[in-house]
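Undergrad: Submitted below is the structure of interest, expressed as structure tokens.
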Protein chains: 2
Amino acid sequence: MPTPVVVVHGGVRVSAPRREDPAADEEAVNKLRWIAQSAYRAMEAGGSALDAVELAVRLMEDDPRFNAGYGSALNLLGEVEVDASIMDGYRMRAGAVGGVKGVRHAVSLARAIMERTPHVLLVGEGARDFARKLGLGGNEDLVYETRVEYRRRMLEALKSGRGPERLKSLLDLLPLYGVADTVGAVAVDSEGRLAAATSTGGLTLKLPGRVGDSAIIGAGTYASRAAACSGTGIGEAAMLVLGAYRVVKEVEEGKSPQEAVEDVLLEIHKTTGYAFGFISVGADGGIGVAQTGYGLFWAASGGGWVDGGVKKERPKGLLVT
Amino acid sequence: MPTPVVVVHGGVRVSAPRREDPAADEEAVNKLRWIAQSAYRAMEAGGSALDAVELAVRLMEDDPRFNAGYGSALNLLGEVEVDASIMDGYRMRAGAVGGVKGVRHAVSLARAIMERTPHVLLVGEGARDFARKLGLGGNEDLVYETRVEYRRRMLEALKSGRGPERLKSLLDLLPLYGVADTVGAVAVDSEGRLAAATSTGGLTLKLPGRVGDSAIIGAGTYASRAAACSGTGIGEAAMLVLGAYRVVKEVEEGKSPQEAVEDVLLEIHKTTGYAFGFISVGADGGIGVAQTGYGLFWAASGGGWVDGGVKKERPKGLLVT
């Protein structure tokens, strides 16, 4: 019988923090360790891997330090529009939401779409109306004050102008306030079933309606009967190379979850130049945690153990910094 | 120097037509042959593969027989919400729109997102506002009268009720009015650059905000320097198995475009049970056309030749009908 394991991430930093704050980082990691343990215990208590990843992501959506749910990054207009997805690798089914306003627990809305509609992805006002009908929110205020100040400063930096490089500088400026980017979780339960989930407010100052990899099955989230994967970083990179799908496929082809996440990160970097991070778990409970940015916040828990930290080393073979 | 080739599809029938109408089918195929030739000529006149697939899809979006642009399928509320995507395999970039109203040429909006923003996917009202700002529509009336009648009849059939099977019966009832489903195009130009594009109104009676594979890079559309692919059918199936991405990867690994589309169709059928269709072209100009439904409308044109028809045979190895 497989040993249940859950791995969570609180996002990767895609650019160097202006100043280090080790105490704040440690607090965030402790929170993630607690979340991983809670999700593990939920499986001990009879929950499935799917229940565990949903619970873990909900707990991160509630914490404004993480860029998901309450405290999400603000778009160009100062609004919160969230993306999320969840996948049940055992039954090969998935649900996702993109660009939805007023929903604190987008991961639970994604699960409802998986379980209660014939569709995979709902977006915008349609997704919001569906949430309202099911009592899953739709009118919740997700704006956290510190994000407002952060967006204002970022907008000023943009306006101070670098001419034709403005769009690029928008991406360069992404040292997201708070801990890092996007949250996610992967788990395997005692019956060997695998699941993955991801949730995010996306990029600060993103165009209204922009949907990133966290809403896309195969890009930011994927699971099969062999492995599960959740990603974080500049979503457009994972959307072009189908990052999470490739991690899972590499495990199916015999690589360990750690080898697979490192491989695909190198591929993303080579193809797009962007920093990214992944967590993964295999059917045997082996885990993978890797990043090509400035630190991936993660934690994991299994039978009697818990681990976690800010992973700063990058995979061997990464030539450019 | 590679020979430029363009392949287009006007969608697959995912269930058997109530009655055959060979004359109407032939007219539709003739239109597709003309569209393939026009797109080929656009490359002869100096256009890129990207220009060719955009042009081909625009011409199908204009024709109400095809489920894209003007004459799109209507959602549960009787509205048109369209999805589209385009990918430049040479430069590994892509753009897409999902669940957008009032935009006749969604493929051109997708291209603008690719070329003029740092994002890949915009959805809903944000995408519509972006279209308005660029003069790419946003207030166009896309409702074609025959679709209204079709939706009304389908709704009645659903209401006559099959109890808990209602959601499933929604999918079973999909014999889409008109020619078939979703349109798309793939092309390789004289410089060997590959591109793919897909556009659709989606499923009749879909939930508002539902986005299908046609908006998802890797699901309904993908291109690299080796191959390009566009799909049609029940989008949720391609979203779960990353259909278009897998076709392109199989060509990269040495299969012909025809072998690759057949392989992935069998995989989709095995995994999800759904009928689907793909067109593909490789860097050497070899093409692939296959389907597991009740007929894929397609046409292709290269140096001095044009071909096309309603492909009804299914790949060998498909066990279930």
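Please note that chains go A, B, ... in the order of the structure tokens, that every chain numbers its residues from 1, and that ligands are numbered from 1 in the order shown.
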Give as an NGL selection string every residue of chain B that touches chain A within 9 Å, counting only C-alpha atoms.

TA: :B and (92-94 or 98-99 or 116-130 or 167-168 or 170-171 or 206-212 or 216-219 or 222 or 235-236 or 239-242 or 245 or 271-272)

Undergrad: Compile the contact shell of Gly47 (chain A) as a ChimeraX atom specification: residues with an atom at most 12 Å away, counting only C-alpha atoms, same-chain residues fewer than 2 positions apart removed.

TA: /A:4,38-45,49-55,187-191,193

Undergrad: Taking only C-alpha atoms into account, which of A:Gly254, A:Gly135, A:Pro17, A:Gly231 comes nearest Ala290 (chain A)?

TA: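 Closest candidate: A:Gly231.
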
Undergrad: Need to verify the contact set: Ile287 (chain B), 6 Å, only C-alpha atoms, exclusion of same-chain residues closer than 4 positions in sequence. Can you return it as an MDAnalysis selection string?

TA: chainID B and resid 257 280:281

Undergrad: Keeping N, CA and C atoms, export the residues of the selection given above as a short mmCIF file (atom, residue, chain, number, x, y, z; two decimals), in the first residue's frame.

TA:
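As written to disk, selection11.cif reads:
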data_model
loop_
_atom_site.label_atom_id
_atom_site.label_comp_id
_atom_site.auth_asym_id
_atom_site.auth_seq_id
_atom_site.Cartn_x
_atom_site.Cartn_y
_atom_site.Cartn_z
N PRO B 257 2.98 12.99 -40.21
CA PRO B 257 1.79 13.68 -39.70
C PRO B 257 0.55 12.77 -39.70
N SER B 280 -2.92 18.07 -39.67
CA SER B 280 -1.55 18.36 -39.31
C SER B 280 -0.71 18.53 -40.56
N VAL B 281 0.37 19.29 -40.44
CA VAL B 281 1.34 19.38 -41.53
C VAL B 281 2.74 19.37 -40.91
#

Undergrad: Can you tell me which residues surround Asp284 (chain B) at a distance of at most 8 Å, considering only C-alpha atoms, apart from same-chain residues fewer than 4 positions away, and format the answer as a ChimeraX atom specification?

TA: /B:2-3,192

Undergrad: What separation in Å, quoted to one decimal, exists between CA of Arg225 (chain B) and CA of Gly11 (chain B)?

TA: 24.8 Å

Undergrad: As a ChimeraX atom specification, please: the residues near region 305-318 of chain B (cut-off 7 Å, only C-alpha atoms, same-chain neighbours under 3 positions excluded).

TA: /B:29,33,37,262,266,290-292,294-302

Undergrad: Could you write out that same residue set with N, CA and C atoms as an mmCIF file, in the first residue's frame?

TA:
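Here's the written file selection.cif:
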data_model
loop_
_atom_site.group_PDB
_atom_site.id
_atom_site.type_symbol
_atom_site.label_atom_id
_atom_site.label_comp_id
_atom_site.auth_asym_id
_atom_site.auth_seq_id
_atom_site.Cartn_x
_atom_site.Cartn_y
_atom_site.Cartn_z
ATOM 1 N N VAL B 29 -17.463 21.468 -48.943
ATOM 2 C CA VAL B 29 -16.106 21.038 -49.296
ATOM 3 C C VAL B 29 -15.533 21.950 -50.376
ATOM 4 N N ARG B 33 -12.068 23.998 -50.265
ATOM 5 C CA ARG B 33 -11.023 23.904 -51.284
ATOM 6 C C ARG B 33 -10.626 25.306 -51.770
ATOM 7 N N GLN B 37 -6.967 27.059 -51.232
ATOM 8 C CA GLN B 37 -6.226 27.646 -52.357
ATOM 9 C C GLN B 37 -5.913 29.118 -52.128
ATOM 10 N N GLU B 262 -3.467 9.904 -36.324
ATOM 11 C CA GLU B 262 -4.214 8.665 -36.048
ATOM 12 C C GLU B 262 -3.898 8.139 -34.646
ATOM 13 N N LEU B 266 -6.617 7.746 -31.472
ATOM 14 C CA LEU B 266 -6.873 6.486 -30.760
ATOM 15 C C LEU B 266 -6.694 6.675 -29.260
ATOM 16 N N ALA B 290 -7.330 13.057 -40.117
ATOM 17 C CA ALA B 290 -7.975 11.863 -39.574
ATOM 18 C C ALA B 290 -9.064 12.253 -38.590
ATOM 19 N N GLN B 291 -9.984 11.302 -38.349
ATOM 20 C CA GLN B 291 -11.109 11.573 -37.453
ATOM 21 C C GLN B 291 -11.674 10.263 -36.923
ATOM 22 N N THR B 292 -12.356 10.362 -35.773
ATOM 23 C CA THR B 292 -13.000 9.194 -35.192
ATOM 24 C C THR B 292 -14.507 9.421 -35.042
ATOM 25 N N TYR B 294 -18.089 11.180 -37.434
ATOM 26 C CA TYR B 294 -18.938 10.859 -38.571
ATOM 27 C C TYR B 294 -18.623 11.749 -39.771
ATOM 28 N N GLY B 295 -17.357 12.122 -39.903
ATOM 29 C CA GLY B 295 -16.973 12.901 -41.067
ATOM 30 C C GLY B 295 -16.248 14.179 -40.699
ATOM 31 N N LEU B 296 -15.026 14.320 -41.222
ATOM 32 C CA LEU B 296 -14.241 15.540 -41.032
ATOM 33 C C LEU B 296 -14.169 16.271 -42.362
ATOM 34 N N PHE B 297 -14.632 17.516 -42.374
ATOM 35 C CA PHE B 297 -14.583 18.345 -43.577
ATOM 36 C C PHE B 297 -13.194 18.961 -43.681
ATOM 37 N N TRP B 298 -12.527 18.726 -44.825
ATOM 38 C CA TRP B 298 -11.147 19.220 -44.939
ATOM 39 C C TRP B 298 -10.814 19.555 -46.385
ATOM 40 N N ALA B 299 -9.749 20.331 -46.540
ATOM 41 C CA ALA B 299 -9.187 20.595 -47.864
ATOM 42 C C ALA B 299 -7.725 20.971 -47.684
ATOM 43 N N ALA B 300 -6.945 20.824 -48.739
ATOM 44 C CA ALA B 300 -5.522 21.164 -48.681
ATOM 45 C C ALA B 300 -5.077 21.660 -50.039
ATOM 46 N N SER B 301 -4.058 22.524 -50.027
ATOM 47 C CA SER B 301 -3.515 23.023 -51.285
ATOM 48 C C SER B 301 -2.015 23.228 -51.152
ATOM 49 N N GLY B 302 -1.289 22.841 -52.224
ATOM 50 C CA GLY B 302 0.163 23.027 -52.242
ATOM 51 C C GLY B 302 0.566 23.550 -53.601
#

Undergrad: Pick out each residue of region 193-285 of chain A that DSSP on the backbone tags as alpha helix (DSSP H); I need them as a ChimeraX atom specification.

TA: /A:235-241,243-252,257-272

Undergrad: Please, what distance in Å, to one decimal, runs between CA of Ala196 (chain A) and CA of Val264 (chain A)?

TA: 17.2 Å

Undergrad: Among region 8-219 of chain A, which residues does DSSP mark as strand (DSSP E) when it is run on the backbone? Keep the chain and numbering as in the structure and answer as an MDAnalysis selection string.

TA: chainID A and resid 8:12 82:88 93:100 121:123 183:188 194:200 210:211

Undergrad: Those same residues - C-alpha atoms - I'd like them written as a short mmCIF file (atom, residue, chain, number, x, y, z; two decimals), in the first residue's frame.

TA:
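Saved file part23.cif follows:
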data_model
loop_
_atom_site.label_atom_id
_atom_site.label_comp_id
_atom_site.auth_asym_id
_atom_site.auth_seq_id
_atom_site.Cartn_x
_atom_site.Cartn_y
_atom_site.Cartn_z
CA VAL A 8 2.65 22.16 -1.35
CA HIS A 9 4.20 25.30 -2.80
CA GLY A 10 3.64 28.96 -1.95
CA GLY A 11 5.13 30.17 -5.20
CA VAL A 12 8.48 30.96 -6.77
CA VAL A 82 -8.17 34.63 -10.19
CA ASP A 83 -7.25 31.42 -12.02
CA ALA A 84 -7.28 27.90 -10.59
CA SER A 85 -7.41 24.27 -11.62
CA ILE A 86 -7.59 20.81 -10.14
CA MET A 87 -6.99 17.39 -11.68
CA ASP A 88 -7.88 13.90 -10.57
CA ARG A 93 -10.83 14.37 -15.07
CA ALA A 94 -10.21 18.04 -14.36
CA GLY A 95 -11.84 21.37 -13.66
CA ALA A 96 -10.58 24.93 -13.98
CA VAL A 97 -11.55 28.59 -13.76
CA GLY A 98 -9.94 31.59 -15.41
CA GLY A 99 -10.25 35.34 -14.93
CA VAL A 100 -13.01 35.12 -12.32
CA LEU A 121 -12.86 25.31 -18.00
CA LEU A 122 -15.25 28.17 -17.20
CA VAL A 123 -14.09 31.79 -17.34
CA VAL A 183 0.20 28.38 -4.85
CA GLY A 184 -0.29 24.68 -5.48
CA ALA A 185 -0.38 21.20 -4.07
CA VAL A 186 0.14 17.62 -5.22
CA ALA A 187 -0.70 14.44 -3.34
CA VAL A 188 -0.84 10.66 -3.49
CA LEU A 194 -2.82 11.14 -7.50
CA ALA A 195 -4.15 14.69 -7.65
CA ALA A 196 -2.84 18.19 -8.31
CA ALA A 197 -4.24 21.71 -7.79
CA THR A 198 -3.04 25.25 -8.45
CA SER A 199 -4.49 28.71 -7.66
CA THR A 200 -3.33 32.27 -8.32
CA ARG A 210 -5.55 37.55 -18.82
CA VAL A 211 -5.53 33.87 -17.91
#

Undergrad: Restricting the calculation to only C-alpha atoms, which member of A:Thr182, A:Ser256, A:Asn139, A:Asn30 is positioned closest to Gly220 (chain A)?

TA: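 Once distances to Gly220 (chain A) are computed over only C-alpha atoms, the minimum belongs to A:Thr182.
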
Undergrad: Which one is closest to Gly201 (chain A): A:Val6, A:Leu142, A:Ile279, A:Val289? Count only C-alpha atoms.

TA: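 Closest residue, counting only C-alpha atoms: A:Leu142.
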
Undergrad: Pick the closest to Asp62 (chain B) from B:Val143, B:Ala226, B:Ala23, B:Leu76: which is it, counting only C-alpha atoms?

TA: B:Val143
